[in-house]
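Have a look at the structure below before the remarks.
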Amino acid sequence: MDTPEIEILLRLIIAHLLADFVFQTNGMVKGKREKGPRSSQFRWHIVIVAALTYLFLADWANWWAPIGIGLVHAVIDWIKISIKKDSIWVYIGDQLAHFISIIFLWLLLIPNTLTEILDLTYFEWDSKYLLIIIAYIVVALPSGVLIGYLTKSWQADLSEKKKGESLKDAGKWIGILERLLILTFIIFNQWEPIGFLLAAKSVFRFGDLKKGKEQKKTEYILIGTLLSFTLAIFIGLLVQLMVN
(Lines give C-alpha, C1' and ligand atoms only; values in the text may rest on other atoms or scores of the structure.)
Protein backbone atom coordinates (compact mmCIF):
# COMPACT_ATOMS: atom_id res chain seq x y z
CA MET A 1 0.00 0.00 0.00
CA ASP A 2 1.29 3.50 -0.78
CA THR A 3 2.24 5.45 2.31
CA PRO A 4 0.18 8.57 1.51
CA GLU A 5 -2.98 6.45 1.58
CA ILE A 6 -2.40 5.02 5.05
CA GLU A 7 -1.44 8.52 6.19
CA ILE A 8 -4.86 9.80 5.13
CA LEU A 9 -6.53 7.28 7.45
CA LEU A 10 -4.19 8.12 10.33
CA ARG A 11 -4.76 11.85 9.88
CA LEU A 12 -8.53 11.35 9.94
CA ILE A 13 -8.23 9.33 13.15
CA ILE A 14 -6.09 12.03 14.78
CA ALA A 15 -8.64 14.68 13.80
CA HIS A 16 -11.43 12.63 15.41
CA LEU A 17 -9.50 11.98 18.62
CA LEU A 18 -8.62 15.65 19.00
CA ALA A 19 -12.21 16.75 18.33
CA ASP A 20 -13.85 14.22 20.66
CA PHE A 21 -11.35 14.09 23.53
CA VAL A 22 -9.13 17.18 23.49
CA PHE A 23 -11.26 20.05 22.18
CA GLN A 24 -14.58 18.81 23.55
CA THR A 25 -14.89 20.28 27.05
CA ASN A 26 -17.04 19.00 29.91
CA GLY A 27 -19.30 22.02 29.38
CA MET A 28 -19.84 21.02 25.76
CA VAL A 29 -20.70 17.46 26.78
CA LYS A 30 -23.17 18.72 29.38
CA GLY A 31 -24.80 21.14 26.94
CA LYS A 32 -25.17 18.42 24.32
CA ARG A 33 -26.83 16.07 26.80
CA GLU A 34 -29.26 18.70 28.09
CA LYS A 35 -30.37 20.37 24.86
CA GLY A 36 -29.15 18.06 22.11
CA PRO A 37 -28.70 19.46 18.58
CA ARG A 38 -30.39 22.71 19.64
CA SER A 39 -27.49 23.64 21.91
CA SER A 40 -24.66 25.88 20.76
CA GLN A 41 -22.24 23.37 22.32
CA PHE A 42 -23.47 20.66 19.95
CA ARG A 43 -23.07 22.90 16.91
CA TRP A 44 -19.62 24.08 17.98
CA HIS A 45 -18.50 20.48 18.45
CA ILE A 46 -19.55 19.59 14.91
CA VAL A 47 -17.79 22.69 13.55
CA ILE A 48 -14.61 21.60 15.36
CA VAL A 49 -14.94 18.07 13.92
CA ALA A 50 -15.27 19.41 10.37
CA ALA A 51 -12.50 22.00 10.83
CA LEU A 52 -9.98 19.50 12.21
CA THR A 53 -10.86 17.01 9.47
CA TYR A 54 -10.27 19.69 6.84
CA LEU A 55 -7.00 20.73 8.52
CA PHE A 56 -5.53 17.24 8.87
CA LEU A 57 -6.80 16.02 5.51
CA ALA A 58 -4.88 18.94 3.98
CA ASP A 59 -6.74 18.65 0.68
CA TRP A 60 -7.69 22.32 0.50
CA ALA A 61 -9.96 21.96 -2.53
CA ASN A 62 -11.94 19.17 -0.88
CA TRP A 63 -14.87 20.56 1.11
CA TRP A 64 -17.28 17.65 0.85
CA ALA A 65 -15.20 15.30 3.04
CA PRO A 66 -15.06 17.57 6.14
CA ILE A 67 -18.72 18.57 5.73
CA GLY A 68 -19.73 14.94 5.22
CA ILE A 69 -17.85 13.65 8.27
CA GLY A 70 -19.27 16.54 10.30
CA LEU A 71 -22.85 15.66 9.35
CA VAL A 72 -22.32 11.95 10.04
CA HIS A 73 -20.67 12.80 13.36
CA ALA A 74 -23.71 14.94 14.23
CA VAL A 75 -26.11 12.08 13.47
CA ILE A 76 -24.09 9.61 15.57
CA ASP A 77 -23.93 12.05 18.51
CA TRP A 78 -27.66 12.78 18.20
CA ILE A 79 -28.41 9.04 18.36
CA LYS A 80 -26.18 8.69 21.42
CA ILE A 81 -27.95 11.59 23.14
CA SER A 82 -31.37 10.15 22.24
CA ILE A 83 -30.54 6.87 23.97
CA LYS A 84 -30.40 8.83 27.27
CA LYS A 85 -28.25 6.20 28.90
CA ASP A 86 -24.66 6.63 29.98
CA SER A 87 -22.92 3.26 29.93
CA ILE A 88 -19.73 1.69 28.66
CA TRP A 89 -21.60 -0.03 25.81
CA VAL A 90 -23.09 3.25 24.60
CA TYR A 91 -19.60 4.78 24.75
CA ILE A 92 -18.02 1.89 22.82
CA GLY A 93 -20.86 1.86 20.27
CA ASP A 94 -20.54 5.61 19.77
CA GLN A 95 -16.79 5.45 19.14
CA LEU A 96 -17.14 2.36 16.94
CA ALA A 97 -19.71 4.17 14.78
CA HIS A 98 -17.37 7.15 14.44
CA PHE A 99 -14.45 4.95 13.38
CA ILE A 100 -16.61 3.10 10.85
CA SER A 101 -17.63 6.45 9.33
CA ILE A 102 -13.96 7.47 9.18
CA ILE A 103 -12.99 4.24 7.41
CA PHE A 104 -15.89 4.67 4.98
CA LEU A 105 -14.74 8.21 4.19
CA TRP A 106 -11.20 6.93 3.70
CA LEU A 107 -12.43 4.33 1.22
CA LEU A 108 -14.14 7.10 -0.75
CA LEU A 109 -10.99 9.21 -0.79
CA ILE A 110 -8.52 6.62 -2.09
CA PRO A 111 -8.66 4.66 -5.38
CA ASN A 112 -7.10 1.37 -4.22
CA THR A 113 -8.91 -1.94 -4.10
CA LEU A 114 -10.01 -3.52 -0.81
CA THR A 115 -7.20 -6.12 -1.00
CA GLU A 116 -4.56 -3.39 -1.15
CA ILE A 117 -6.30 -1.43 1.59
CA LEU A 118 -6.09 -4.40 3.98
CA ASP A 119 -2.32 -4.63 3.50
CA LEU A 120 -1.21 -2.61 6.53
CA THR A 121 2.26 -4.13 6.82
CA TYR A 122 4.14 -1.34 5.07
CA PHE A 123 4.77 1.87 7.00
CA GLU A 124 7.25 4.59 6.20
CA TRP A 125 8.55 6.85 8.97
CA ASP A 126 5.83 9.46 8.49
CA SER A 127 3.13 6.88 9.07
CA LYS A 128 4.96 5.53 12.11
CA TYR A 129 4.99 8.98 13.66
CA LEU A 130 1.27 9.35 13.02
CA LEU A 131 0.62 5.99 14.68
CA ILE A 132 2.61 7.07 17.72
CA ILE A 133 0.65 10.33 17.94
CA ILE A 134 -2.61 8.38 17.83
CA ALA A 135 -1.33 6.04 20.56
CA TYR A 136 -0.45 8.95 22.85
CA ILE A 137 -3.88 10.54 22.40
CA VAL A 138 -5.66 7.23 23.00
CA VAL A 139 -3.76 6.35 26.20
CA ALA A 140 -4.18 9.87 27.56
CA LEU A 141 -7.91 10.46 27.10
CA PRO A 142 -10.12 7.71 25.58
CA SER A 143 -8.47 5.12 27.85
CA GLY A 144 -9.29 7.25 30.90
CA VAL A 145 -12.93 7.48 29.84
CA LEU A 146 -13.05 3.70 29.33
CA ILE A 147 -11.55 3.09 32.78
CA GLY A 148 -14.14 5.46 34.25
CA TYR A 149 -16.95 3.39 32.76
CA LEU A 150 -15.38 0.09 33.86
CA THR A 151 -15.09 1.30 37.47
CA LYS A 152 -18.36 3.25 37.53
CA SER A 153 -20.20 0.65 39.61
CA TRP A 154 -17.74 1.16 42.48
CA GLN A 155 -17.66 4.94 42.35
CA ALA A 156 -21.02 5.21 44.15
CA ASP A 157 -19.54 3.50 47.23
CA LEU A 158 -16.95 6.26 47.46
CA SER A 159 -19.24 9.21 46.71
CA GLU A 160 -19.95 9.84 50.37
CA LYS A 161 -16.35 10.80 51.09
CA LYS A 162 -15.92 14.38 52.24
CA LYS A 163 -14.91 16.93 49.67
CA GLY A 164 -11.42 18.30 50.04
CA GLU A 165 -9.79 14.98 50.93
CA SER A 166 -7.97 14.99 47.62
CA LEU A 167 -7.05 17.48 44.92
CA LYS A 168 -9.63 18.05 42.21
CA ASP A 169 -9.06 15.74 39.20
CA ALA A 170 -5.78 14.55 40.75
CA GLY A 171 -6.56 10.90 40.04
CA LYS A 172 -7.42 11.72 36.43
CA TRP A 173 -4.11 13.46 35.80
CA ILE A 174 -2.12 10.81 37.64
CA GLY A 175 -3.69 8.20 35.35
CA ILE A 176 -2.97 10.23 32.21
CA LEU A 177 0.66 10.81 33.15
CA GLU A 178 1.30 7.20 34.14
CA ARG A 179 -0.14 5.88 30.85
CA LEU A 180 1.93 8.38 28.84
CA LEU A 181 5.06 7.32 30.70
CA ILE A 182 4.34 3.62 30.19
CA LEU A 183 3.74 4.13 26.47
CA THR A 184 7.01 6.07 26.19
CA PHE A 185 8.93 3.35 28.01
CA ILE A 186 7.50 0.64 25.74
CA ILE A 187 8.23 2.61 22.55
CA PHE A 188 11.87 2.86 23.66
CA ASN A 189 11.79 -0.79 24.80
CA GLN A 190 12.53 0.08 28.42
CA TRP A 191 10.50 -2.25 30.62
CA GLU A 192 12.32 -1.82 33.94
CA PRO A 193 10.95 1.70 34.65
CA ILE A 194 7.38 0.36 34.32
CA GLY A 195 7.94 -1.95 37.29
CA PHE A 196 9.50 0.93 39.23
CA LEU A 197 6.53 3.17 38.37
CA LEU A 198 4.04 0.58 39.63
CA ALA A 199 6.04 0.08 42.84
CA ALA A 200 6.35 3.83 43.43
CA LYS A 201 2.63 4.39 42.95
CA SER A 202 1.88 1.52 45.32
CA VAL A 203 3.99 3.14 48.03
CA PHE A 204 2.46 6.61 47.69
CA ARG A 205 -1.17 5.71 47.00
CA PHE A 206 -1.84 2.48 48.88
CA GLY A 207 0.24 2.86 52.04
CA ASP A 208 -1.78 5.64 53.67
CA LEU A 209 -5.08 4.09 52.63
CA LYS A 210 -4.27 0.79 54.29
CA LYS A 211 -3.18 2.55 57.45
CA GLY A 212 -6.51 4.32 57.48
CA LYS A 213 -8.30 1.01 56.97
CA GLU A 214 -10.07 2.38 53.88
CA GLN A 215 -10.32 -0.98 52.19
CA LYS A 216 -12.89 0.00 49.56
CA LYS A 217 -10.90 2.99 48.37
CA THR A 218 -7.69 0.94 48.36
CA GLU A 219 -9.28 -1.73 46.19
CA TYR A 220 -10.84 0.88 43.89
CA ILE A 221 -7.49 2.60 43.32
CA LEU A 222 -5.77 -0.76 42.79
CA ILE A 223 -8.31 -1.80 40.16
CA GLY A 224 -8.03 1.55 38.39
CA THR A 225 -4.23 1.37 38.45
CA LEU A 226 -4.11 -2.14 37.02
CA LEU A 227 -6.62 -1.22 34.30
CA SER A 228 -4.56 1.87 33.46
CA PHE A 229 -1.32 -0.11 33.25
CA THR A 230 -2.96 -2.90 31.23
CA LEU A 231 -4.42 -0.54 28.62
CA ALA A 232 -1.17 1.42 28.29
CA ILE A 233 0.91 -1.75 27.90
CA PHE A 234 -1.54 -3.25 25.39
CA ILE A 235 -1.52 -0.09 23.25
CA GLY A 236 2.26 0.17 23.54
CA LEU A 237 2.76 -3.42 22.38
CA LEU A 238 0.29 -2.85 19.53
CA VAL A 239 2.27 0.18 18.38
CA GLN A 240 5.54 -1.79 18.58
CA LEU A 241 4.01 -4.55 16.46
CA MET A 242 2.79 -2.12 13.78
CA VAL A 243 5.86 0.09 13.47
CA ASN A 244 8.62 -2.53 13.71
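Naming scheme: A, B, ... for chains in displayed order of the C-alpha coordinates; residues 1 onward per chain; ligands 1 onward as shown.
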
Write out as number ranges by chain which residues come within 10 Å of A:Val72 when counting only C-alpha atoms, dropping same-chain ones fewer than 3 positions away.
A: 46, 66-69, 75-78, 97-98, 101-102

Restricting it to N, CA and C atoms, dump the selection as a PDB file, in the first residue's frame.
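Output below, filename part.pdb:
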```pdb
ATOM      1  N   ILE A  46     -19.534  20.059  16.297  1.00  0.00           N
ATOM      2  CA  ILE A  46     -19.549  19.593  14.908  1.00  0.00           C
ATOM      3  C   ILE A  46     -18.664  20.475  14.035  1.00  0.00           C
ATOM      4  N   PRO A  66     -14.853  17.039   4.789  1.00  0.00           N
ATOM      5  CA  PRO A  66     -15.064  17.575   6.144  1.00  0.00           C
ATOM      6  C   PRO A  66     -16.535  17.810   6.467  1.00  0.00           C
ATOM      7  N   ILE A  67     -17.291  18.332   5.487  1.00  0.00           N
ATOM      8  CA  ILE A  67     -18.723  18.566   5.725  1.00  0.00           C
ATOM      9  C   ILE A  67     -19.453  17.239   5.925  1.00  0.00           C
ATOM     10  N   GLY A  68     -19.097  16.249   5.101  1.00  0.00           N
ATOM     11  CA  GLY A  68     -19.734  14.937   5.222  1.00  0.00           C
ATOM     12  C   GLY A  68     -19.450  14.276   6.560  1.00  0.00           C
ATOM     13  N   ILE A  69     -18.188  14.283   6.987  1.00  0.00           N
ATOM     14  CA  ILE A  69     -17.846  13.649   8.265  1.00  0.00           C
ATOM     15  C   ILE A  69     -18.478  14.418   9.419  1.00  0.00           C
ATOM     16  N   VAL A  75     -25.064  13.101  13.394  1.00  0.00           N
ATOM     17  CA  VAL A  75     -26.110  12.075  13.472  1.00  0.00           C
ATOM     18  C   VAL A  75     -25.779  11.049  14.549  1.00  0.00           C
ATOM     19  N   ILE A  76     -24.510  10.609  14.582  1.00  0.00           N
ATOM     20  CA  ILE A  76     -24.093   9.614  15.574  1.00  0.00           C
ATOM     21  C   ILE A  76     -24.230  10.185  16.988  1.00  0.00           C
ATOM     22  N   ASP A  77     -23.803  11.432  17.188  1.00  0.00           N
ATOM     23  CA  ASP A  77     -23.925  12.054  18.509  1.00  0.00           C
ATOM     24  C   ASP A  77     -25.391  12.241  18.892  1.00  0.00           C
ATOM     25  N   TRP A  78     -26.229  12.598  17.923  1.00  0.00           N
ATOM     26  CA  TRP A  78     -27.660  12.776  18.199  1.00  0.00           C
ATOM     27  C   TRP A  78     -28.293  11.454  18.637  1.00  0.00           C
ATOM     28  N   ALA A  97     -18.994   3.560  15.903  1.00  0.00           N
ATOM     29  CA  ALA A  97     -19.709   4.172  14.778  1.00  0.00           C
ATOM     30  C   ALA A  97     -18.882   5.287  14.146  1.00  0.00           C
ATOM     31  N   HIS A  98     -18.220   6.085  14.972  1.00  0.00           N
ATOM     32  CA  HIS A  98     -17.373   7.154  14.442  1.00  0.00           C
ATOM     33  C   HIS A  98     -16.224   6.585  13.605  1.00  0.00           C
ATOM     34  N   SER A 101     -17.390   5.332  10.262  1.00  0.00           N
ATOM     35  CA  SER A 101     -17.627   6.446   9.334  1.00  0.00           C
ATOM     36  C   SER A 101     -16.316   6.989   8.794  1.00  0.00           C
ATOM     37  N   ILE A 102     -15.278   7.003   9.631  1.00  0.00           N
ATOM     38  CA  ILE A 102     -13.962   7.475   9.184  1.00  0.00           C
ATOM     39  C   ILE A 102     -13.388   6.528   8.134  1.00  0.00           C
TER      40      ILE A 102
END
```

Would you kindly return, as a PyMOL selection string, each protein, DNA or RNA residue with an atom no farther than 9 Å from any atom of stretch 9-11 of chain A, considering only C-alpha atoms and excluding same-chain residues fewer than 2 positions away?
chain A and resi 5-7+13-16+53+56-57+102-103+105-106+127+130-131+134

As a PDB file with N, CA and C atoms, in the first residue's frame, please: the residues near stretch 140-142 of chain A (cut-off 10 Å, only C-alpha atoms, same-chain neighbours under 3 positions excluded).
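Printed below is out23.pdb as written:
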```
ATOM      1  N   LEU A  17      -9.910  12.070  17.218  1.00  0.00           N
ATOM      2  CA  LEU A  17      -9.499  11.980  18.622  1.00  0.00           C
ATOM      3  C   LEU A  17      -9.344  13.367  19.248  1.00  0.00           C
ATOM      4  N   LEU A  18      -8.776  14.286  18.495  1.00  0.00           N
ATOM      5  CA  LEU A  18      -8.621  15.652  19.000  1.00  0.00           C
ATOM      6  C   LEU A  18      -9.984  16.317  19.206  1.00  0.00           C
ATOM      7  N   ASP A  20     -12.983  14.872  19.676  1.00  0.00           N
ATOM      8  CA  ASP A  20     -13.851  14.223  20.664  1.00  0.00           C
ATOM      9  C   ASP A  20     -13.276  14.224  22.074  1.00  0.00           C
ATOM     10  N   PHE A  21     -11.938  14.263  22.208  1.00  0.00           N
ATOM     11  CA  PHE A  21     -11.348  14.089  23.529  1.00  0.00           C
ATOM     12  C   PHE A  21     -10.473  15.249  23.998  1.00  0.00           C
ATOM     13  N   VAL A  22      -9.988  16.059  23.091  1.00  0.00           N
ATOM     14  CA  VAL A  22      -9.134  17.179  23.494  1.00  0.00           C
ATOM     15  C   VAL A  22      -9.892  18.495  23.452  1.00  0.00           C
ATOM     16  N   TYR A  91     -20.876   4.120  25.069  1.00  0.00           N
ATOM     17  CA  TYR A  91     -19.599   4.780  24.752  1.00  0.00           C
ATOM     18  C   TYR A  91     -18.855   4.027  23.656  1.00  0.00           C
ATOM     19  N   GLN A  95     -18.125   5.335  19.736  1.00  0.00           N
ATOM     20  CA  GLN A  95     -16.795   5.445  19.141  1.00  0.00           C
ATOM     21  C   GLN A  95     -16.628   4.502  17.951  1.00  0.00           C
ATOM     22  N   ILE A 134      -1.307   8.955  17.512  1.00  0.00           N
ATOM     23  CA  ILE A 134      -2.611   8.376  17.832  1.00  0.00           C
ATOM     24  C   ILE A 134      -2.540   7.608  19.153  1.00  0.00           C
ATOM     25  N   ALA A 135      -1.475   6.836  19.337  1.00  0.00           N
ATOM     26  CA  ALA A 135      -1.333   6.042  20.559  1.00  0.00           C
ATOM     27  C   ALA A 135      -1.284   6.938  21.788  1.00  0.00           C
ATOM     28  N   TYR A 136      -0.550   8.040  21.710  1.00  0.00           N
ATOM     29  CA  TYR A 136      -0.454   8.952  22.850  1.00  0.00           C
ATOM     30  C   TYR A 136      -1.807   9.583  23.179  1.00  0.00           C
ATOM     31  N   ILE A 137      -2.552   9.957  22.152  1.00  0.00           N
ATOM     32  CA  ILE A 137      -3.878  10.544  22.400  1.00  0.00           C
ATOM     33  C   ILE A 137      -4.810   9.512  23.024  1.00  0.00           C
ATOM     34  N   VAL A 145     -11.464   7.556  29.877  1.00  0.00           N
ATOM     35  CA  VAL A 145     -12.934   7.484  29.840  1.00  0.00           C
ATOM     36  C   VAL A 145     -13.391   6.036  29.970  1.00  0.00           C
ATOM     37  N   LEU A 146     -12.709   5.120  29.267  1.00  0.00           N
ATOM     38  CA  LEU A 146     -13.052   3.704  29.330  1.00  0.00           C
ATOM     39  C   LEU A 146     -12.883   3.164  30.749  1.00  0.00           C
ATOM     40  N   ILE A 147     -11.790   3.528  31.410  1.00  0.00           N
ATOM     41  CA  ILE A 147     -11.551   3.089  32.783  1.00  0.00           C
ATOM     42  C   ILE A 147     -12.639   3.631  33.703  1.00  0.00           C
ATOM     43  N   GLY A 148     -13.067   4.877  33.452  1.00  0.00           N
ATOM     44  CA  GLY A 148     -14.139   5.464  34.248  1.00  0.00           C
ATOM     45  C   GLY A 148     -15.422   4.660  34.147  1.00  0.00           C
ATOM     46  N   LYS A 172      -7.345  11.695  37.897  1.00  0.00           N
ATOM     47  CA  LYS A 172      -7.423  11.715  36.433  1.00  0.00           C
ATOM     48  C   LYS A 172      -6.061  12.031  35.831  1.00  0.00           C
ATOM     49  N   TRP A 173      -5.400  13.057  36.359  1.00  0.00           N
ATOM     50  CA  TRP A 173      -4.112  13.464  35.799  1.00  0.00           C
ATOM     51  C   TRP A 173      -3.003  12.474  36.141  1.00  0.00           C
ATOM     52  N   GLY A 175      -3.481   9.271  36.319  1.00  0.00           N
ATOM     53  CA  GLY A 175      -3.695   8.196  35.351  1.00  0.00           C
ATOM     54  C   GLY A 175      -3.172   8.558  33.971  1.00  0.00           C
ATOM     55  N   ILE A 176      -3.441   9.786  33.523  1.00  0.00           N
ATOM     56  CA  ILE A 176      -2.969  10.226  32.205  1.00  0.00           C
ATOM     57  C   ILE A 176      -1.451  10.189  32.136  1.00  0.00           C
ATOM     58  N   LEU A 177      -0.803  10.746  33.153  1.00  0.00           N
ATOM     59  CA  LEU A 177       0.662  10.811  33.153  1.00  0.00           C
ATOM     60  C   LEU A 177       1.285   9.427  33.216  1.00  0.00           C
ATOM     61  N   GLU A 178       0.705   8.541  34.026  1.00  0.00           N
ATOM     62  CA  GLU A 178       1.297   7.204  34.137  1.00  0.00           C
ATOM     63  C   GLU A 178       1.167   6.438  32.826  1.00  0.00           C
ATOM     64  N   ARG A 179       0.032   6.588  32.130  1.00  0.00           N
ATOM     65  CA  ARG A 179      -0.136   5.884  30.851  1.00  0.00           C
ATOM     66  C   ARG A 179       0.795   6.461  29.784  1.00  0.00           C
ATOM     67  N   LEU A 180       0.996   7.767  29.787  1.00  0.00           N
ATOM     68  CA  LEU A 180       1.931   8.382  28.836  1.00  0.00           C
ATOM     69  C   LEU A 180       3.358   7.901  29.094  1.00  0.00           C
ATOM     70  N   LEU A 183       3.662   4.211  27.926  1.00  0.00           N
ATOM     71  CA  LEU A 183       3.736   4.131  26.468  1.00  0.00           C
ATOM     72  C   LEU A 183       5.124   4.546  25.978  1.00  0.00           C
ATOM     73  N   SER A 228      -5.341   0.840  34.138  1.00  0.00           N
ATOM     74  CA  SER A 228      -4.561   1.875  33.462  1.00  0.00           C
ATOM     75  C   SER A 228      -3.278   1.299  32.889  1.00  0.00           C
ATOM     76  N   ALA A 232      -2.366   0.766  28.820  1.00  0.00           N
ATOM     77  CA  ALA A 232      -1.167   1.423  28.288  1.00  0.00           C
ATOM     78  C   ALA A 232      -0.190   0.404  27.702  1.00  0.00           C
TER      79      ALA A 232
END
```

Nearest-residue call for A:Thr230, choices A:Pro193, A:Gly171, A:Gly31, A:Gly144, using only C-alpha atoms:
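Selected residue with least distance to A:Thr230: A:Gly144.
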
For A:Ile186, which residue out of A:Gln240, A:Gln41, A:Thr218, A:Ser143 is the nearest one, using only C-alpha atoms?
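Checking each candidate against A:Ile186, we get A:Gln240 as the closest.
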